[in-house]
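Asks: Quick one: the structure is below, questions incoming.
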Amino acid sequence: MQKQVLIAGGGIGGLAAALGSSRAGWEVRLFERAAEFTEVGAGVQIGPNVVRRLQAWGLQSALQAVAAFPERLQVRSALTGAELAALRLGNTAIERYGAAYATIHRADLHGLLLDALRERTGVHLNLGHSIVHHAQDGGVVTVRVTRHGPASASEGGAQDLLIEGDALIGADGLRSGTRMRLLGETPTRVSGHLAYRAVVRQDALPQALRSQQVTAWLGPRLHVVHYPLRRGELLNVVAIRHGQPPADLDSWDHGANAADLEAALARTCTPLQDLIRAVPQAGSGWRLWPLLDRPPVAGPQEMAQGVVALLGDAAHPMRPYLAQGAGMAIEDAAELQRALAMHDLEVPLRLRRYALNRWQRNARVQERSRRNGRIFHATGLVRWGRDTALRLLGERLLDVPWLYRGDGSSASSL
């Protein structure tokens with residue numbers, strides 16, 4: 001009998017988990033609270049380690065249709081504008097790592113995963129449903145699902161359903177209910193960093209500000225990164241500075257973000273300030289996102305217990321300074337596929353194998369991301385040493401072979 005996996009969450013991690021599970025021969029039931037699939041946010045960078053996974057799922061053509069493939073990554077001083085170092089991407093990345101380095105809008109990445117899922121049989125996508133409780137017993141997991149929306153309202157409120165499955169995958173994000181029930185209440189950490197994100201049409205920018213490469217501007221207690229999206233038609237701009245979030249972000253007037261950001265970058269070089277001012281002038285607004293994370297994964301038990309496992313931000317939320325948040329979720333899903341396809345093992349052992357093969361790599365990426373944040377935002381002598389090292393070592397310092405060459409799929413013991 002075909003086994004059934006239940007998946008909490010319909011973001012990038014949830015869709016990737018569903019695709020990997022389906023390709024492993026499992027029936028999939030995915031539950032997403034929202035009434036329709038949407039992906040908020042802006043752009044993401046996906047390194048060769050992630051592109052290889054998408055290729056293995058037959059998504060190379062779909063990726064090429066919507067992504068951009070920068071030829072170069074450069075690092076510049078936010079104070080002087082001088083180039084500190086550069087890394088060749090494009091064909092160089094393909095030659096080194098067997099796949100390209102891509103930049104893509106989150107909605108486009110979400111869309112290509114969703115399209116791939118809709119082509120598969122045995123995949124049931126349940127919108128307007130959220131898993132509010134789970135319990136596992138005797139190799140079976142039972143979830144209580146609440147159905148939201150107009151239909152349930154007309155019937156006297158939300159309706160609860162009990163559904164059984166052979167495994168539950170919590171891909172329900174930073175504030176994962178699955179994680180809370182599995183590991184207990186573990187509060188997220190406030191990083192003290194604020195991210196301002198915007199996407200602007202390149203043809204709405206002055207010619208001098210348009211770009212088809214990845215550029216990172218490093219300054220004291222701040223940095224800015226921008227890169228092309230959607231075949232180069234769009235420019236994704238992210239500015240991150242030290243600061244505390246507003247008390248009530250839900251009611252925050254994002255119209256004030258432009259002035260706040262311009263004030264925070266007042267000491268930076270003219271080209272960078274020109275770019276920041278050009279974003280609202282081109283008709284795009286800045287959205288403010290406080291950055292939160294958790295301590296690095298401490299062991300496989302934090303990613304799987306019994307027939308319940310965590311994936312993506314539910315397991316290992318990370319800061320964006322290694323550009324691998326979405327990438328680690330997709331790697332998780334690829335490893336989940338390998339584990340679920342081990343049909344000679346009981347399901348708890350399959351999920352244990354998944355966790356064993358993923359936790360250390362995820363923890364390393366989490367910790368390296370935090371370290372990069374300290375380096376990006378360095379001040380004083382540390383900043384001087386960073387800039388000197390970048391000028392001297394250049395590409396050798398920017399390349400990350402351990403990350404781009406691997407995907408955490410090494411064999412492990414049970």
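Chain lettering (A, B, ...) mirrors the order of the structure tokens, residue numbering begins at 1 for each chain separately, and ligand numbering begins at 1 in order of display.
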Check which residues of range 155-230 of chain A sit at most 9 Å from range 238-243 of chain A using only C-alpha atoms, and return one row each with the closest pair of atoms and their distance in Å to one decimal, ordered by chain and rising number, as JSON lines.

Replies:
{"residue": "A:Ser191", "atom": "CA", "partner": "A:His242", "partner_atom": "CA", "distance": 8.7}
{"residue": "A:Gly192", "atom": "CA", "partner": "A:Gly243", "partner_atom": "CA", "distance": 5.4}
{"residue": "A:His193", "atom": "CA", "partner": "A:His242", "partner_atom": "CA", "distance": 4.5}
{"residue": "A:Leu194", "atom": "CA", "partner": "A:Ile240", "partner_atom": "CA", "distance": 5.4}
{"residue": "A:Ala195", "atom": "CA", "partner": "A:Ile240", "partner_atom": "CA", "distance": 4.4}
{"residue": "A:Tyr196", "atom": "CA", "partner": "A:Ala239", "partner_atom": "CA", "distance": 5.1}
{"residue": "A:Arg197", "atom": "CA", "partner": "A:Val238", "partner_atom": "CA", "distance": 4.5}
{"residue": "A:Ala198", "atom": "CA", "partner": "A:Val238", "partner_atom": "CA", "distance": 6.5}
{"residue": "A:Val199", "atom": "CA", "partner": "A:Val238", "partner_atom": "CA", "distance": 8.8}
{"residue": "A:Pro220", "atom": "CA", "partner": "A:Arg241", "partner_atom": "CA", "distance": 8.9}
{"residue": "A:Arg221", "atom": "CA", "partner": "A:His242", "partner_atom": "CA", "distance": 5.7}
{"residue": "A:Leu222", "atom": "CA", "partner": "A:Arg241", "partner_atom": "CA", "distance": 4.2}
{"residue": "A:His223", "atom": "CA", "partner": "A:Ile240", "partner_atom": "CA", "distance": 5.5}
{"residue": "A:Val224", "atom": "CA", "partner": "A:Ala239", "partner_atom": "CA", "distance": 4.2}
{"residue": "A:Val225", "atom": "CA", "partner": "A:Val238", "partner_atom": "CA", "distance": 5.4}
{"residue": "A:His226", "atom": "CA", "partner": "A:Val238", "partner_atom": "CA", "distance": 6.3}

Asks: Could you turn the residues from that selection into a file that holds N, CA and C atoms, as a compact mmCIF listing (two decimals), in the first residue's frame?

Replies:
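As a result, part22.txt now contains:
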# COMPACT_ATOMS: atom_id res chain seq x y z
N SER A 191 17.63 39.45 16.02
CA SER A 191 19.02 39.64 15.60
C SER A 191 19.54 41.05 15.83
N GLY A 192 18.63 42.02 15.94
CA GLY A 192 19.06 43.42 16.00
C GLY A 192 19.37 43.98 14.63
N HIS A 193 18.97 43.27 13.58
CA HIS A 193 19.18 43.72 12.21
C HIS A 193 17.83 43.90 11.52
N LEU A 194 17.71 44.96 10.75
CA LEU A 194 16.48 45.26 10.00
C LEU A 194 16.78 45.18 8.51
N ALA A 195 15.93 44.47 7.77
CA ALA A 195 16.09 44.35 6.32
C ALA A 195 15.02 45.17 5.61
N TYR A 196 15.46 46.00 4.68
CA TYR A 196 14.57 46.77 3.81
C TYR A 196 14.68 46.15 2.42
N ARG A 197 13.55 45.71 1.87
CA ARG A 197 13.58 45.00 0.60
C ARG A 197 12.70 45.72 -0.42
N ALA A 198 13.18 45.73 -1.65
CA ALA A 198 12.40 46.33 -2.74
C ALA A 198 12.77 45.64 -4.04
N VAL A 199 11.82 45.61 -4.96
CA VAL A 199 12.05 45.12 -6.32
C VAL A 199 11.61 46.22 -7.27
N PRO A 220 29.97 50.10 7.76
CA PRO A 220 29.88 49.92 9.21
C PRO A 220 28.43 49.73 9.66
N ARG A 221 28.16 48.58 10.26
CA ARG A 221 26.84 48.27 10.83
C ARG A 221 25.73 48.25 9.78
N LEU A 222 26.11 48.01 8.52
CA LEU A 222 25.10 47.92 7.47
C LEU A 222 25.72 47.28 6.23
N HIS A 223 24.85 46.79 5.34
CA HIS A 223 25.29 46.43 4.00
C HIS A 223 24.07 46.44 3.08
N VAL A 224 24.34 46.54 1.79
CA VAL A 224 23.30 46.55 0.75
C VAL A 224 23.72 45.54 -0.30
N VAL A 225 22.76 44.75 -0.78
CA VAL A 225 23.03 43.82 -1.88
C VAL A 225 21.95 44.00 -2.93
N HIS A 226 22.35 43.94 -4.19
CA HIS A 226 21.36 43.99 -5.27
C HIS A 226 21.78 43.06 -6.40

Asks: Which neighbours of Val28 in chain A fall inside 12 Å, counting only C-alpha atoms, when residues of the same chain fewer than 5 positions from it are skipped, and could you give them as an MDAnalysis selection string?

Replies: chainID A and resid 2:8 14:23 117:118 120:126 164:169 340

Asks: For range 282-298 of chain A, find every residue with an atom within 7 Å (counting only C-alpha atoms), except residues of its own chain fewer than 3 positions away, and show them as a PDB file with N, CA, C and O atoms, in the first residue's frame.

Replies:
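The resulting file, result.pdb, is shown below:
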ATOM      1  N   THR A 188      12.211  32.482  19.185  1.00  0.00           N
ATOM      2  CA  THR A 188      13.177  32.921  18.189  1.00  0.00           C
ATOM      3  C   THR A 188      14.061  34.012  18.781  1.00  0.00           C
ATOM      4  O   THR A 188      13.726  34.643  19.783  1.00  0.00           O
ATOM      5  N   ARG A 189      15.212  34.220  18.154  1.00  0.00           N
ATOM      6  CA  ARG A 189      16.139  35.257  18.594  1.00  0.00           C
ATOM      7  C   ARG A 189      15.972  36.495  17.710  1.00  0.00           C
ATOM      8  O   ARG A 189      15.909  36.397  16.483  1.00  0.00           O
ATOM      9  N   VAL A 190      15.908  37.656  18.354  1.00  0.00           N
ATOM     10  CA  VAL A 190      15.895  38.919  17.618  1.00  0.00           C
ATOM     11  C   VAL A 190      17.339  39.278  17.296  1.00  0.00           C
ATOM     12  O   VAL A 190      18.177  39.380  18.187  1.00  0.00           O
ATOM     13  N   SER A 191      17.633  39.451  16.022  1.00  0.00           N
ATOM     14  CA  SER A 191      19.020  39.636  15.601  1.00  0.00           C
ATOM     15  C   SER A 191      19.538  41.047  15.833  1.00  0.00           C
ATOM     16  O   SER A 191      20.739  41.263  15.884  1.00  0.00           O
ATOM     17  N   HIS A 193      18.966  43.267  13.577  1.00  0.00           N
ATOM     18  CA  HIS A 193      19.185  43.716  12.206  1.00  0.00           C
ATOM     19  C   HIS A 193      17.829  43.902  11.524  1.00  0.00           C
ATOM     20  O   HIS A 193      16.924  43.087  11.706  1.00  0.00           O
ATOM     21  N   LEU A 194      17.705  44.957  10.748  1.00  0.00           N
ATOM     22  CA  LEU A 194      16.482  45.255  10.000  1.00  0.00           C
ATOM     23  C   LEU A 194      16.775  45.175   8.509  1.00  0.00           C
ATOM     24  O   LEU A 194      17.762  45.759   8.041  1.00  0.00           O
ATOM     25  N   ALA A 195      15.928  44.471   7.770  1.00  0.00           N
ATOM     26  CA  ALA A 195      16.091  44.347   6.322  1.00  0.00           C
ATOM     27  C   ALA A 195      15.024  45.170   5.612  1.00  0.00           C
ATOM     28  O   ALA A 195      13.830  45.037   5.915  1.00  0.00           O
ATOM     29  N   TYR A 196      15.462  45.998   4.681  1.00  0.00           N
ATOM     30  CA  TYR A 196      14.567  46.765   3.815  1.00  0.00           C
ATOM     31  C   TYR A 196      14.682  46.153   2.421  1.00  0.00           C
ATOM     32  O   TYR A 196      15.770  46.103   1.843  1.00  0.00           O
ATOM     33  N   ARG A 197      13.554  45.708   1.875  1.00  0.00           N
ATOM     34  CA  ARG A 197      13.582  45.003   0.597  1.00  0.00           C
ATOM     35  C   ARG A 197      12.699  45.720  -0.418  1.00  0.00           C
ATOM     36  O   ARG A 197      11.612  46.194  -0.088  1.00  0.00           O
ATOM     37  N   ALA A 198      13.176  45.734  -1.652  1.00  0.00           N
ATOM     38  CA  ALA A 198      12.399  46.327  -2.738  1.00  0.00           C
ATOM     39  C   ALA A 198      12.770  45.642  -4.043  1.00  0.00           C
ATOM     40  O   ALA A 198      13.899  45.162  -4.214  1.00  0.00           O
ATOM     41  N   VAL A 199      11.819  45.605  -4.959  1.00  0.00           N
ATOM     42  CA  VAL A 199      12.046  45.118  -6.319  1.00  0.00           C
ATOM     43  C   VAL A 199      11.611  46.223  -7.269  1.00  0.00           C
ATOM     44  O   VAL A 199      10.509  46.762  -7.139  1.00  0.00           O
ATOM     45  N   VAL A 200      12.476  46.575  -8.208  1.00  0.00           N
ATOM     46  CA  VAL A 200      12.204  47.683  -9.113  1.00  0.00           C
ATOM     47  C   VAL A 200      12.469  47.247 -10.550  1.00  0.00           C
ATOM     48  O   VAL A 200      13.374  46.435 -10.809  1.00  0.00           O
ATOM     49  N   ALA A 204      13.035  51.378 -15.280  1.00  0.00           N
ATOM     50  CA  ALA A 204      12.587  52.573 -14.569  1.00  0.00           C
ATOM     51  C   ALA A 204      13.740  53.262 -13.843  1.00  0.00           C
ATOM     52  O   ALA A 204      13.548  54.337 -13.255  1.00  0.00           O
ATOM     53  N   LEU A 205      14.926  52.656 -13.879  1.00  0.00           N
ATOM     54  CA  LEU A 205      16.099  53.223 -13.231  1.00  0.00           C
ATOM     55  C   LEU A 205      16.969  53.961 -14.243  1.00  0.00           C
ATOM     56  O   LEU A 205      16.990  53.601 -15.425  1.00  0.00           O
ATOM     57  N   PRO A 245      13.264  46.593  15.708  1.00  0.00           N
ATOM     58  CA  PRO A 245      12.015  46.701  14.953  1.00  0.00           C
ATOM     59  C   PRO A 245      10.993  47.548  15.682  1.00  0.00           C
ATOM     60  O   PRO A 245      11.081  47.731  16.906  1.00  0.00           O
ATOM     61  N   HIS A 254       4.748  51.557   6.299  1.00  0.00           N
ATOM     62  CA  HIS A 254       5.935  51.287   5.484  1.00  0.00           C
ATOM     63  C   HIS A 254       6.293  52.461   4.579  1.00  0.00           C
ATOM     64  O   HIS A 254       7.368  52.487   3.988  1.00  0.00           O
ATOM     65  N   ASN A 257       9.595  54.034   5.486  1.00  0.00           N
ATOM     66  CA  ASN A 257      10.835  53.273   5.379  1.00  0.00           C
ATOM     67  C   ASN A 257      11.892  53.970   4.532  1.00  0.00           C
ATOM     68  O   ASN A 257      13.085  53.893   4.824  1.00  0.00           O
ATOM     69  N   ALA A 258      11.465  54.629   3.462  1.00  0.00           N
ATOM     70  CA  ALA A 258      12.438  55.269   2.563  1.00  0.00           C
ATOM     71  C   ALA A 258      13.246  56.326   3.302  1.00  0.00           C
ATOM     72  O   ALA A 258      14.482  56.368   3.192  1.00  0.00           O
ATOM     73  N   ALA A 278      16.701  56.158  -5.761  1.00  0.00           N
ATOM     74  CA  ALA A 278      16.033  55.873  -7.034  1.00  0.00           C
ATOM     75  C   ALA A 278      14.908  54.855  -6.895  1.00  0.00           C
ATOM     76  O   ALA A 278      14.004  54.821  -7.730  1.00  0.00           O
ATOM     77  N   VAL A 279      14.951  54.032  -5.863  1.00  0.00           N
ATOM     78  CA  VAL A 279      13.938  52.972  -5.720  1.00  0.00           C
ATOM     79  C   VAL A 279      12.539  53.556  -5.586  1.00  0.00           C
ATOM     80  O   VAL A 279      11.639  53.212  -6.365  1.00  0.00           O
ATOM     81  N   GLU A 302      16.536  17.374  16.680  1.00  0.00           N
ATOM     82  CA  GLU A 302      15.868  18.652  16.439  1.00  0.00           C
ATOM     83  C   GLU A 302      15.286  18.740  15.031  1.00  0.00           C
ATOM     84  O   GLU A 302      14.636  19.729  14.691  1.00  0.00           O
ATOM     85  N   HIS A 316      15.498  25.184  10.850  1.00  0.00           N
ATOM     86  CA  HIS A 316      16.781  25.901  10.939  1.00  0.00           C
ATOM     87  C   HIS A 316      16.704  27.284  10.295  1.00  0.00           C
ATOM     88  O   HIS A 316      17.397  27.548   9.304  1.00  0.00           O
ATOM     89  N   PRO A 317      15.895  28.187  10.836  1.00  0.00           N
ATOM     90  CA  PRO A 317      15.883  29.546  10.273  1.00  0.00           C
ATOM     91  C   PRO A 317      17.268  30.167  10.389  1.00  0.00           C
ATOM     92  O   PRO A 317      17.976  29.954  11.375  1.00  0.00           O
ATOM     93  N   MET A 318      17.655  30.900   9.366  1.00  0.00           N
ATOM     94  CA  MET A 318      19.010  31.441   9.346  1.00  0.00           C
ATOM     95  C   MET A 318      19.015  32.862   8.806  1.00  0.00           C
ATOM     96  O   MET A 318      18.098  33.293   8.107  1.00  0.00           O
ATOM     97  N   ARG A 319      20.043  33.578   9.148  1.00  0.00           N
ATOM     98  CA  ARG A 319      20.206  34.940   8.645  1.00  0.00           C
ATOM     99  C   ARG A 319      20.632  34.878   7.180  1.00  0.00           C
ATOM    100  O   ARG A 319      21.181  33.879   6.733  1.00  0.00           O
ATOM    101  N   TRP A 359      21.437  17.619   9.611  1.00  0.00           N
ATOM    102  CA  TRP A 359      21.535  18.561  10.717  1.00  0.00           C
ATOM    103  C   TRP A 359      22.879  19.280  10.775  1.00  0.00           C
ATOM    104  O   TRP A 359      22.934  20.491  11.037  1.00  0.00           O
ATOM    105  N   ASN A 362      23.149  21.954   7.954  1.00  0.00           N
ATOM    106  CA  ASN A 362      22.310  23.096   8.268  1.00  0.00           C
ATOM    107  C   ASN A 362      22.896  23.938   9.396  1.00  0.00           C
ATOM    108  O   ASN A 362      22.882  25.176   9.338  1.00  0.00           O
ATOM    109  N   ALA A 363      23.411  23.276  10.424  1.00  0.00           N
ATOM    110  CA  ALA A 363      24.015  24.003  11.534  1.00  0.00           C
ATOM    111  C   ALA A 363      25.225  24.805  11.069  1.00  0.00           C
ATOM    112  O   ALA A 363      25.444  25.948  11.498  1.00  0.00           O
ATOM    113  N   GLN A 366      23.951  27.830   9.200  1.00  0.00           N
ATOM    114  CA  GLN A 366      23.418  28.800  10.157  1.00  0.00           C
ATOM    115  C   GLN A 366      24.539  29.591  10.830  1.00  0.00           C
ATOM    116  O   GLN A 366      24.473  30.820  10.925  1.00  0.00           O
ATOM    117  N   GLU A 367      25.544  28.887  11.314  1.00  0.00           N
ATOM    118  CA  GLU A 367      26.625  29.560  12.026  1.00  0.00           C
ATOM    119  C   GLU A 367      27.461  30.423  11.083  1.00  0.00           C
ATOM    120  O   GLU A 367      27.844  31.545  11.439  1.00  0.00           O
TER     121      GLU A 367
END

Asks: When you count only C-alpha atoms, which of these residues is closest to Arg88 in chain A: A:Val141, A:Ala264, A:Val214, A:Ala68?

Replies: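 The shortest atom-to-atom distance to Arg88 in chain A comes from A:Val214.
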
Asks: Contacts of range 342-352 of chain A at 7 Å or less, counting only C-alpha atoms, minus same-chain residues fewer than 2 places along, as a PyMOL selection string?

Replies: chain A and resi 304+306-307+309+338-340+354-356

Asks: Can you write just those residues out, N, CA and C atoms, as a CSV table (one decimal), in the first residue's frame?

Replies:
chain,number,residue,atom,x,y,z
A,304,ALA,N,14.0,15.5,13.5
A,304,ALA,CA,13.1,14.4,13.3
A,304,ALA,C,13.0,13.6,14.6
A,306,GLY,N,10.5,10.1,15.7
A,306,GLY,CA,9.5,9.2,15.3
A,306,GLY,C,9.1,9.4,13.8
A,307,VAL,N,7.8,9.6,13.6
A,307,VAL,CA,7.3,9.8,12.2
A,307,VAL,C,7.0,11.3,11.9
A,309,ALA,N,9.0,15.1,11.1
A,309,ALA,CA,10.2,15.7,10.8
A,309,ALA,C,10.0,17.2,10.5
A,338,ARG,N,15.3,11.1,-0.8
A,338,ARG,CA,16.2,9.9,-0.7
A,338,ARG,C,15.8,9.0,0.5
A,339,ALA,N,15.5,9.7,1.6
A,339,ALA,CA,15.2,8.9,2.8
A,339,ALA,C,13.9,8.2,2.6
A,340,LEU,N,12.8,8.9,2.1
A,340,LEU,CA,11.5,8.2,2.0
A,340,LEU,C,11.5,7.1,1.0
A,354,TYR,N,17.2,10.9,7.3
A,354,TYR,CA,17.1,12.3,6.8
A,354,TYR,C,17.7,13.3,7.8
A,355,ALA,N,17.4,13.2,9.0
A,355,ALA,CA,17.9,14.1,10.0
A,355,ALA,C,19.4,14.0,10.2
A,356,LEU,N,19.9,12.8,10.2
A,356,LEU,CA,21.4,12.6,10.4
A,356,LEU,C,22.1,13.2,9.2

Asks: Write down as a PyMOL selection string the residues belonging to range 51-125 of chain A that are assigned strand (DSSP E or B) by DSSP computed on the backbone.

Replies: chain A and resi 68+72-77+83-88+102-105+123-125

Asks: Give the answer as one residue: which of A:Gly13, A:Pro228, A:Pro280, A:Gly299 has the shortest atom-to-atom distance to Leu114 in chain A, using only C-alpha atoms?

Replies: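 Under the stated criterion, the closest residue is A:Gly13.
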
Asks: Within 9 Å of range 230-235 of chain A, counting only C-alpha atoms, which residues show up once you throw out same-chain ones fewer than 4 positions away? Write them as number ranges by chain, please.

Replies: A: 43, 64-70, 103-105, 108, 198-203, 210-212, 226

Asks: Quick one: of A:Gln213, A:Gln305, A:Gln55, A:Thr38, who's nearest to Ala334 in chain A, counting only C-alpha atoms?

Replies: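 Nearest candidate to Ala334 in chain A out of A:Gln213, A:Gln305, A:Gln55, A:Thr38: A:Gln55.
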
Asks: Quick one: residues within 10 Å of Gly312 in chain A, only C-alpha atoms, excluding same-chain residues fewer than 6 positions away - as a list in words?

Replies: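 In the requested format, the answer is Gly11, Ile12, Gly13, Gly14, Ala16, Ala17, Gly170, Ala171, Asp172, Gly173, Leu174, Met303, Met318, Gly325, Ala326, Gly327, Met328, Ala329, Ile330, Glu331, Asp332, Ala333 and Asn362 of chain A.
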
Asks: Go through A:Thr92, A:Thr80, A:Gln244, A:Ser369 and flag the residue nearest Ala323 in chain A, using only C-alpha atoms for the distances.

Replies: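 Using only C-alpha atoms, Ala323 in chain A sits closest to A:Ser369.
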
Asks: Could you give me, as JSON, numbers by chain, each residue of range 151-379 of chain A that DSSP assigns to alpha helix (DSSP H) when run on this structure's backbone?

Replies: {"A": [151, 152, 153, 154, 177, 178, 179, 180, 181, 182, 183, 257, 258, 259, 260, 261, 262, 263, 264, 270, 271, 272, 273, 274, 275, 276, 277, 278, 279, 280, 281, 325, 326, 327, 328, 329, 330, 331, 332, 333, 334, 335, 336, 337, 338, 339, 340, 347, 348, 349, 350, 351, 352, 353, 354, 355, 356, 357, 358, 359, 360, 361, 362, 363, 364, 365, 366, 367, 368, 369, 370, 371, 372, 373, 374, 375, 376]}
